[in-house]
Each structure stands twice: as structure tokens, then as C-alpha cells.
$ cat model.csv   # CSV, C-alpha atoms
chain,number,residue,atom,x,y,z
A,1,MET,CA,-97.7,-38.5,11.3
A,2,LEU,CA,-100.5,-36.5,9.8
A,3,ILE,CA,-99.7,-32.8,9.5
A,4,CYS,CA,-102.8,-30.6,10.2
A,5,LYS,CA,-102.8,-27.2,8.5
A,6,THR,CA,-104.6,-25.2,11.2
A,7,PRO,CA,-103.2,-21.7,11.8
A,8,HIS,CA,-104.9,-20.5,15.0
A,9,ASP,CA,-107.1,-17.8,13.6
A,10,ARG,CA,-107.0,-18.5,9.9
A,11,ARG,CA,-110.2,-18.8,8.0
A,12,THR,CA,-110.2,-20.7,4.7
A,13,MET,CA,-113.6,-19.3,3.5
A,14,ASN,CA,-113.3,-16.9,0.5
A,15,ILE,CA,-114.6,-13.4,1.1
A,16,LYS,CA,-115.5,-10.4,-1.0
A,17,VAL,CA,-113.2,-7.4,-0.1
A,18,SER,CA,-114.8,-4.0,0.5
A,19,ILE,CA,-113.4,-0.6,1.6
A,20,PRO,CA,-115.3,-0.8,5.0
A,21,TYR,CA,-113.7,-4.3,5.5
A,22,ILE,CA,-110.2,-3.1,4.8
A,23,LEU,CA,-110.7,0.0,7.0
A,24,GLN,CA,-111.8,-2.3,9.8
A,25,LYS,CA,-108.8,-4.5,9.4
A,26,PHE,CA,-106.4,-1.6,9.1
A,27,GLY,CA,-107.6,-0.2,12.4
A,28,GLU,CA,-107.5,-3.6,14.1
A,29,PHE,CA,-103.9,-4.3,12.9
A,30,ASN,CA,-102.8,-0.7,13.5
A,31,ARG,CA,-103.7,-1.1,17.2
A,32,LEU,CA,-102.6,-4.7,17.6
A,33,ILE,CA,-99.3,-4.8,15.6
A,34,PHE,CA,-98.2,-1.2,14.9
A,35,ALA,CA,-99.0,0.4,18.3
A,36,GLY,CA,-101.5,2.8,16.7
A,37,LYS,CA,-98.6,4.7,15.0
A,38,LEU,CA,-100.1,4.8,11.5
A,39,PRO,CA,-102.5,7.6,10.5
A,40,GLU,CA,-105.5,6.8,8.4
A,41,ILE,CA,-104.7,6.0,4.8
A,42,THR,CA,-106.6,6.3,1.6
A,43,ILE,CA,-108.1,2.9,0.7
A,44,GLN,CA,-108.6,1.9,-3.0
A,45,LEU,CA,-109.9,-1.3,-4.6
A,46,SER,CA,-108.4,-2.4,-7.9
A,47,ARG,CA,-108.9,-5.1,-10.5
A,48,ALA,CA,-105.2,-5.9,-10.8
A,49,LYS,CA,-104.4,-9.3,-12.1
A,50,THR,CA,-100.7,-9.3,-11.1
A,51,TYR,CA,-100.7,-8.4,-7.4
A,52,LEU,CA,-102.9,-8.9,-4.4
A,53,GLY,CA,-102.0,-5.6,-2.7
A,54,ALA,CA,-99.9,-2.5,-3.0
A,55,CYS,CA,-98.9,0.5,-1.0
A,56,THR,CA,-98.3,3.5,-3.2
A,57,TYR,CA,-97.0,7.0,-2.4
A,58,LYS,CA,-95.5,10.1,-4.0
A,59,LYS,CA,-92.1,11.6,-3.3
A,60,LYS,CA,-90.8,15.2,-3.0
A,61,ARG,CA,-87.8,17.1,-1.6
A,62,ASP,CA,-88.3,19.2,1.5
A,63,LYS,CA,-86.4,22.5,2.1
A,64,SER,CA,-83.4,20.6,3.5
A,65,GLY,CA,-83.2,18.4,0.4
A,66,ALA,CA,-84.4,15.3,2.2
A,67,THR,CA,-86.9,13.0,0.5
A,68,VAL,CA,-90.4,13.1,1.8
A,69,PHE,CA,-93.0,10.5,1.1
A,70,TYR,CA,-96.7,11.5,1.0
A,71,ASP,CA,-100.1,10.7,-0.4
A,72,PHE,CA,-99.9,7.1,0.8
A,73,ARG,CA,-102.6,4.8,-0.7
A,74,LEU,CA,-103.4,1.1,0.1
A,75,ARG,CA,-104.7,-0.9,-2.8
A,76,ILE,CA,-106.2,-4.4,-2.6
A,77,SER,CA,-107.1,-6.4,-5.7
A,78,THR,CA,-110.7,-7.6,-6.0
A,79,TYR,CA,-110.0,-9.6,-9.2
A,80,ALA,CA,-110.9,-12.7,-7.3
A,81,ASP,CA,-112.2,-13.7,-3.9
A,82,TRP,CA,-109.5,-15.1,-1.6
A,83,PRO,CA,-109.4,-16.8,1.9
A,84,GLU,CA,-109.6,-14.2,4.6
A,85,SER,CA,-106.2,-15.1,6.0
A,86,VAL,CA,-104.6,-14.2,2.6
A,87,ILE,CA,-106.4,-10.8,2.5
A,88,GLU,CA,-105.3,-10.1,6.1
A,89,ASP,CA,-101.7,-11.0,5.5
A,90,THR,CA,-101.7,-8.9,2.3
A,91,ILE,CA,-103.0,-5.9,4.3
A,92,ILE,CA,-100.4,-6.3,7.0
A,93,HIS,CA,-97.7,-6.7,4.3
A,94,GLU,CA,-98.6,-3.3,2.8
A,95,MET,CA,-98.9,-1.8,6.3
A,96,ILE,CA,-95.2,-2.7,6.9
A,97,HIS,CA,-94.4,-0.7,3.7
A,98,TYR,CA,-96.5,2.2,5.0
A,99,TYR,CA,-94.9,2.1,8.4
A,100,ILE,CA,-91.4,2.2,6.9
A,101,GLY,CA,-92.2,5.0,4.5
A,102,TYR,CA,-94.3,7.1,6.8
A,103,HIS,CA,-91.7,7.1,9.5
A,104,ARG,CA,-88.8,7.7,7.0
A,105,LEU,CA,-87.0,4.6,8.1
A,106,ASN,CA,-84.0,3.5,6.0
A,107,ASP,CA,-84.1,0.1,4.3
A,108,SER,CA,-81.7,-1.5,1.8
A,109,SER,CA,-84.5,-2.2,-0.7
A,110,PRO,CA,-88.3,-2.4,-0.8
A,111,HIS,CA,-88.1,-5.8,0.8
A,112,GLY,CA,-84.8,-5.3,2.5
A,113,ARG,CA,-83.4,-6.1,5.9
A,114,LEU,CA,-85.8,-3.9,7.9
A,115,PHE,CA,-88.9,-5.1,6.1
A,116,ARG,CA,-87.9,-8.7,6.6
A,117,GLN,CA,-87.1,-8.2,10.2
A,118,MET,CA,-90.5,-6.6,10.8
A,119,MET,CA,-92.2,-9.3,8.8
A,120,ASN,CA,-90.6,-12.2,10.6
A,121,ASP,CA,-91.3,-10.6,14.0
A,122,ILE,CA,-95.0,-10.2,13.1
A,123,ASN,CA,-95.2,-13.7,11.8
A,124,HIS,CA,-93.6,-15.0,15.0
A,125,ARG,CA,-95.6,-12.9,17.5
A,126,PHE,CA,-99.0,-13.0,15.8
A,127,GLY,CA,-99.0,-16.4,14.0
A,128,ARG,CA,-99.2,-14.8,10.6
A,129,ASN,CA,-97.9,-16.1,7.3
A,130,ILE,CA,-96.7,-12.9,5.6
A,131,THR,CA,-94.3,-13.4,2.7
A,132,VAL,CA,-92.0,-11.0,0.9
A,133,SER,CA,-94.1,-11.0,-2.3
A,134,HIS,CA,-97.8,-10.5,-2.6
A,135,ARG,CA,-97.9,-10.8,-6.3
A,136,MET,CA,-100.3,-13.4,-7.6
A,137,THR,CA,-98.7,-16.8,-8.2
A,138,ASP,CA,-99.3,-18.6,-11.4
A,139,ARG,CA,-101.8,-20.9,-9.6
A,140,GLN,CA,-103.7,-17.9,-8.1
A,141,LYS,CA,-103.9,-16.3,-11.5
A,142,ALA,CA,-105.2,-19.5,-13.0
A,143,GLN,CA,-107.8,-19.8,-10.2
A,144,ALA,CA,-108.9,-16.2,-10.6
A,145,ALA,CA,-109.1,-16.4,-14.4
A,146,ASP,CA,-110.8,-19.8,-14.5
A,147,GLY,CA,-113.7,-20.4,-12.3
A,148,SER,CA,-114.7,-23.3,-14.3
A,149,LYS,CA,-115.5,-26.6,-12.6
A,150,GLN,CA,-112.8,-29.2,-12.3
A,151,TRP,CA,-113.1,-32.7,-11.0
A,152,HIS,CA,-111.4,-33.4,-7.7
A,153,VAL,CA,-110.9,-36.4,-5.5
A,154,VAL,CA,-111.3,-35.2,-2.0
A,155,ALA,CA,-110.5,-37.0,1.2
A,156,TRP,CA,-112.6,-36.0,4.3
A,157,VAL,CA,-110.6,-36.9,7.4
A,158,GLN,CA,-112.4,-37.1,10.8
A,159,PHE,CA,-110.3,-37.1,14.0
A,160,LYS,CA,-111.1,-38.7,17.3
A,161,ASP,CA,-111.0,-35.3,19.1
A,162,GLY,CA,-113.9,-34.1,16.9
A,163,ARG,CA,-111.9,-32.1,14.4
A,164,CYS,CA,-112.1,-32.7,10.7
A,165,GLY,CA,-110.4,-31.6,7.5
A,166,ILE,CA,-110.0,-32.2,3.8
A,167,LYS,CA,-107.3,-33.2,1.4
A,168,VAL,CA,-107.4,-32.9,-2.4
A,169,LEU,CA,-105.6,-35.9,-3.9
A,170,PRO,CA,-104.0,-36.5,-7.3
A,171,ARG,CA,-106.4,-38.2,-9.7
A,172,ASN,CA,-104.7,-41.5,-10.0
A,173,ARG,CA,-105.5,-44.7,-8.1
A,174,GLN,CA,-102.1,-45.3,-6.7
A,175,SER,CA,-101.9,-42.0,-5.0
A,176,ILE,CA,-105.4,-42.2,-3.7
A,177,LEU,CA,-104.8,-45.6,-2.2
A,178,PHE,CA,-101.5,-44.6,-0.7
A,179,TYR,CA,-103.1,-41.6,1.2
A,180,TYR,CA,-106.3,-43.5,2.2
A,181,ASN,CA,-104.5,-46.5,3.6
A,182,ARG,CA,-101.8,-44.5,5.4
A,183,VAL,CA,-104.2,-42.1,7.0
A,184,LYS,CA,-106.9,-44.6,8.2
A,185,MET,CA,-104.2,-46.5,10.2
A,186,LEU,CA,-103.2,-43.4,12.2
A,187,ASN,CA,-104.2,-43.5,15.9
A,188,GLU,CA,-105.6,-40.0,15.9
A,189,VAL,CA,-107.9,-40.6,12.9
A,190,ALA,CA,-111.5,-41.8,13.5
A,191,GLY,CA,-112.3,-42.2,9.8
A,192,ILE,CA,-111.6,-41.2,6.3
A,193,ARG,CA,-114.1,-40.9,3.4
A,194,LEU,CA,-113.4,-40.2,-0.3
A,195,TYR,CA,-115.5,-38.1,-2.6
A,196,THR,CA,-115.4,-36.8,-6.1
A,197,SER,CA,-116.5,-33.1,-6.6
A,198,ASP,CA,-116.5,-30.4,-9.2
A,199,ASP,CA,-117.1,-27.7,-6.7
A,200,CYS,CA,-114.8,-24.7,-7.4
A,201,PHE,CA,-114.2,-24.4,-3.7
A,202,PHE,CA,-111.6,-27.2,-4.0
A,203,ASN,CA,-109.7,-25.4,-6.8
A,204,ARG,CA,-107.6,-23.5,-4.2
A,205,PHE,CA,-106.1,-26.6,-2.6
A,206,PRO,CA,-102.9,-28.2,-4.0
A,207,ARG,CA,-103.1,-31.8,-5.1
A,208,SER,CA,-100.7,-34.1,-3.5
A,209,LYS,CA,-100.5,-37.4,-1.6
A,210,ALA,CA,-98.4,-35.9,1.3
A,211,LEU,CA,-99.8,-36.8,4.7
A,212,LYS,CA,-101.4,-33.4,5.3
A,213,VAL,CA,-104.9,-32.2,5.9
A,214,HIS,CA,-106.5,-28.8,5.8
A,215,MET,CA,-108.6,-28.3,8.9
A,216,MET,CA,-112.0,-26.7,8.6
A,217,ASP,CA,-115.4,-26.7,10.3
A,218,LYS,CA,-117.5,-29.7,9.7
A,219,GLU,CA,-120.4,-27.6,8.4
A,220,GLU,CA,-118.1,-26.0,5.8
A,221,ALA,CA,-116.9,-29.4,4.6
A,222,VAL,CA,-120.3,-30.9,4.4
A,223,LYS,CA,-121.6,-27.9,2.4
A,224,HIS,CA,-119.1,-28.8,-0.4
A,225,LEU,CA,-119.2,-32.6,-0.3
A,226,SER,CA,-122.3,-34.2,-1.7
A,227,PRO,CA,-123.2,-37.7,-0.2
A,228,THR,CA,-124.0,-38.8,-3.7
A,229,MET,CA,-120.4,-38.3,-4.7
A,230,GLU,CA,-118.9,-40.6,-2.1
A,231,ILE,CA,-116.7,-43.3,-3.6
A,232,THR,CA,-115.0,-46.4,-2.3
A,233,PRO,CA,-111.2,-46.9,-2.7

$ encode --input "model.csv" --output "C-alpha cells"
Amino acid sequence: MLICKTPHDRRTMNIKVSIPYILQKFGEFNRLIFAGKLPEITIQLSRAKTYLGACTYKKKRDKSGATVFYDFRLRISTYADWPESVIEDTIIHEMIHYYIGYHRLNDSSPHGRLFRQMMNDINHRFGRNITVSHRMTDRQKAQAADGSKQWHVVAWVQFKDGRCGIKVLPRNRQSILFYYNRVKMLNEVAGIRLYTSDDCFFNRFPRSKALKVHMMDKEEAVKHLSPTMEITP
């Protein structure tokens, strides 16, 4: 069985983050997910290399001695361009922190029981992929720091229902043949082609021979796959 990586409203195209974009998404998610219970927040862009997003605040004691959080700020790293779904999930992640802090809700730790409960509920209800950490992984750091071209072997899979997707394969003949021969025999597959490419677009996809495919629009795939680079297995 071929596993298709197709979150319902995920977009794989990298985007450039801007303050107007974050404000738009903040308002959209505030209404959709947080019932409009979050006031506007200061938005800042950063060039951080270690995290994708952060929600910062200051603390003080009120007259009763209780801790008050204030001066909330939402920071998103622009060190590299990321797929829109990653940016959206990062914004929502930080909005959970904002919600907990602004409403003075108790949690066992920064990513404690309440945070995880809210995160899991949002993932389930809205089809998101929010995780506990939004620090950059080693792979993301490498991609951000190194935009140099790398050679990839890319399978372009076309389905009988009109969909298509790509798969970046290990650069050894045994793995390439394993994936190619298994996929072309599947009933739902109309065809599979192999390409070599040094397009940095493919740097973001993991290399493996697992029977998976990353779905995308045909126009997007064609834009990054040159006919002159097609190869035969």
C-alpha cells in the first residue's frame, strides 16, 4: 500500500514570512481555534537559528502577590523560508502558550499536561501537526544554513484518479529499483517516472525507500522536474 502524505489543507510551497502575514494568520486562528479570546499581540520577526517561533512575556507581582504575565510578544524566525504548514503550526503552537499565559491557567511545565491537552485537541479537530517543540531540527538547520545544490533522485508518481506526488529516494540503485518496481505494480498508480535534480526544492524531503509519496499539484512538480533529467531504472 502506498502511503500518501496529503494533510487536507497543508501547502508544501515555501513562503517568506512577514508581519502582515502573521497578523492575518493570528486573527484567523484566534477566531477559528481560540474563540476570539486572545487580544492582539506584538509581532516580531527574528533571525534566530535555533527556533522557529517563540512567545515571550514579562512577569510581575500584583498587589495580592499573584504573578501577572504581561507584554506578550510573538516571534517567528525568518532565518529560512519554510512550507506554509510549518509556519502555521508554529504560530498556533505559540498561541497556545499565549492563551495559557494570558488567561493565567496553571500548567505543570511550559509544555505540560494542559499544553499537550490543547495541542492534541487542536491537532484532532483541525487536522494540524503541532508538536511539543518548535526548535529547529538538525536537518532544518542544515537546510537553512546550506542552500547549495545537492543531487537527488526523485520519483514522480501519477495516480489513476489524477493526483500526483513526489518521493526523494536514496542514491543507490538497489533502493531506487525497490521503490520503482513496488510502486508501479500498485493498482492505484497510473505511472512512475524517475528524475535526477539539483533543485534545492527537494532538500526538504527525507530520502528513503519507504512506500510513501508527498502529494502536490502537478504544476508544482513539473516546475521542479526538468524533462532533460529523466532517467530509466

$ residues_around --input "model.csv" --residues "Arg75 (chain A)" --least-positions-apart "4" --cutoff "7 Å" --atoms "all atoms listed in the file" --output "list in words"
Ile43, Gln44, Leu45, Ser46, Gly53, Ala54 and Cys55 of chain A

$ closest_residue --input "model.csv" --among "A:Gln117, A:Thr78, A:Ser108, A:Thr196" --to "Thr131 (chain A)" --atoms "all atoms listed in the file"
A:Gln117

$ atom_distance --input "model.csv" --atom1 "CA of Tyr98 (chain A)" --atom2 "CA of Lys16 (chain A)"
23.6 Å

$ atom_distance --input "model.csv" --atom1 "CA of Gln158 (chain A)" --atom2 "CA of Asp81 (chain A)"
27.6 Å

$ atom_distance --input "model.csv" --atom1 "CA of Asp217 (chain A)" --atom2 "CA of Asn187 (chain A)"
21.0 Å

$ residues_around --input "model.csv" --residues "Val153 (chain A)" --least-positions-apart "4" --cutoff "7 Å" --atoms "all atoms listed in the file" --output "VMD selection string"
chain A and resid 168 to 169 171 194 to 197

$ residues_around --input "model.csv" --residues "Val157 (chain A)" --least-positions-apart "3" --cutoff "8 Å" --atoms "only C-alpha atoms" --output "ChimeraX atom specification"
/A:164-167,189-193,213

$ closest_residue --input "model.csv" --among "A:Gly36, A:Val132, A:Thr50, A:Glu84" --to "Arg113 (chain A)" --atoms "all atoms listed in the file"
A:Val132

$ closest_residue --input "model.csv" --among "A:Lys209, A:Asn181, A:Tyr79, A:Arg104" --to "Ala66 (chain A)" --atoms "all atoms listed in the file"
A:Arg104

$ closest_residue --input "model.csv" --among "A:Ile231, A:Ala80, A:Val86, A:Ile33" --to "Met118 (chain A)" --atoms "only C-alpha atoms"
A:Ile33

$ build_atoms --input "model.csv" --residues "region 110-121 of chain A" --atoms "all heavy atoms" --output "compact mmCIF listing (two decimals), keeping the file's coordinate frame"
# COMPACT_ATOMS: atom_id res chain seq x y z
N PRO A 110 -86.91 -2.31 -1.21
CA PRO A 110 -88.30 -2.40 -0.80
C PRO A 110 -88.65 -3.54 0.10
O PRO A 110 -89.52 -3.42 0.97
CB PRO A 110 -89.03 -2.52 -2.18
CG PRO A 110 -88.13 -1.80 -3.14
CD PRO A 110 -86.74 -2.11 -2.66
N HIS A 111 -87.98 -4.67 -0.07
CA HIS A 111 -88.10 -5.80 0.80
C HIS A 111 -86.79 -6.16 1.46
O HIS A 111 -86.37 -7.31 1.47
CB HIS A 111 -88.73 -7.02 0.11
CG HIS A 111 -90.11 -6.80 -0.40
ND1 HIS A 111 -90.41 -6.70 -1.74
CD2 HIS A 111 -91.28 -6.63 0.26
CE1 HIS A 111 -91.71 -6.49 -1.89
NE2 HIS A 111 -92.26 -6.44 -0.69
N GLY A 112 -86.14 -5.12 1.97
CA GLY A 112 -84.80 -5.30 2.50
C GLY A 112 -84.76 -5.80 3.93
O GLY A 112 -85.73 -6.38 4.43
N ARG A 113 -83.63 -5.55 4.58
CA ARG A 113 -83.40 -6.10 5.90
C ARG A 113 -84.44 -5.67 6.92
O ARG A 113 -84.94 -6.49 7.69
CB ARG A 113 -82.00 -5.72 6.38
CG ARG A 113 -81.63 -6.29 7.74
CD ARG A 113 -80.22 -5.89 8.13
NE ARG A 113 -79.26 -6.36 7.15
CZ ARG A 113 -77.96 -6.07 7.20
NH1 ARG A 113 -77.49 -5.29 8.18
NH2 ARG A 113 -77.13 -6.55 6.28
N LEU A 114 -84.79 -4.38 6.93
CA LEU A 114 -85.80 -3.90 7.90
C LEU A 114 -87.15 -4.49 7.66
O LEU A 114 -87.82 -4.91 8.59
CB LEU A 114 -85.83 -2.36 7.86
CG LEU A 114 -86.87 -1.71 8.78
CD1 LEU A 114 -86.61 -2.10 10.24
CD2 LEU A 114 -86.85 -0.19 8.61
N PHE A 115 -87.56 -4.51 6.38
CA PHE A 115 -88.90 -5.10 6.10
C PHE A 115 -88.93 -6.53 6.53
O PHE A 115 -89.90 -6.95 7.17
CB PHE A 115 -89.14 -5.00 4.57
CG PHE A 115 -90.49 -5.57 4.17
CD1 PHE A 115 -91.57 -4.73 4.02
CD2 PHE A 115 -90.67 -6.93 3.97
CE1 PHE A 115 -92.82 -5.24 3.68
CE2 PHE A 115 -91.90 -7.46 3.63
CZ PHE A 115 -92.98 -6.60 3.49
N ARG A 116 -87.90 -7.31 6.20
CA ARG A 116 -87.90 -8.70 6.60
C ARG A 116 -87.85 -8.92 8.07
O ARG A 116 -88.47 -9.86 8.59
CB ARG A 116 -86.72 -9.44 5.88
CG ARG A 116 -86.87 -9.55 4.37
CD ARG A 116 -85.58 -10.02 3.71
NE ARG A 116 -85.69 -10.04 2.26
CZ ARG A 116 -86.02 -11.10 1.54
NH1 ARG A 116 -86.25 -12.25 2.14
NH2 ARG A 116 -86.10 -11.04 0.23
N GLN A 117 -87.13 -8.06 8.76
CA GLN A 117 -87.10 -8.20 10.20
C GLN A 117 -88.48 -7.93 10.82
O GLN A 117 -88.91 -8.67 11.70
CB GLN A 117 -86.10 -7.12 10.76
CG GLN A 117 -85.99 -7.11 12.28
CD GLN A 117 -85.03 -6.04 12.77
OE1 GLN A 117 -84.16 -5.59 12.04
NE2 GLN A 117 -85.20 -5.63 14.00
N MET A 118 -89.18 -6.90 10.34
CA MET A 118 -90.50 -6.60 10.80
C MET A 118 -91.49 -7.75 10.46
O MET A 118 -92.31 -8.18 11.27
CB MET A 118 -91.03 -5.29 10.27
CG MET A 118 -90.26 -4.07 10.77
SD MET A 118 -90.88 -2.51 10.08
CE MET A 118 -92.54 -2.47 10.78
N MET A 119 -91.38 -8.23 9.23
CA MET A 119 -92.20 -9.30 8.80
C MET A 119 -92.05 -10.57 9.60
O MET A 119 -93.04 -11.17 10.07
CB MET A 119 -91.92 -9.62 7.29
CG MET A 119 -92.71 -10.79 6.70
SD MET A 119 -92.12 -11.24 5.04
CE MET A 119 -90.57 -12.06 5.47
N ASN A 120 -90.82 -10.96 9.83
CA ASN A 120 -90.60 -12.20 10.60
C ASN A 120 -91.02 -12.01 12.06
O ASN A 120 -91.54 -12.97 12.65
CB ASN A 120 -89.06 -12.50 10.57
CG ASN A 120 -88.59 -12.93 9.19
OD1 ASN A 120 -89.39 -13.45 8.40
ND2 ASN A 120 -87.32 -12.73 8.90
N ASP A 121 -90.85 -10.81 12.61
CA ASP A 121 -91.30 -10.60 14.00
C ASP A 121 -92.81 -10.68 14.09
O ASP A 121 -93.34 -11.30 15.02
CB ASP A 121 -90.83 -9.18 14.43
CG ASP A 121 -91.29 -8.86 15.84
OD1 ASP A 121 -90.84 -9.55 16.77
OD2 ASP A 121 -92.10 -7.93 16.01
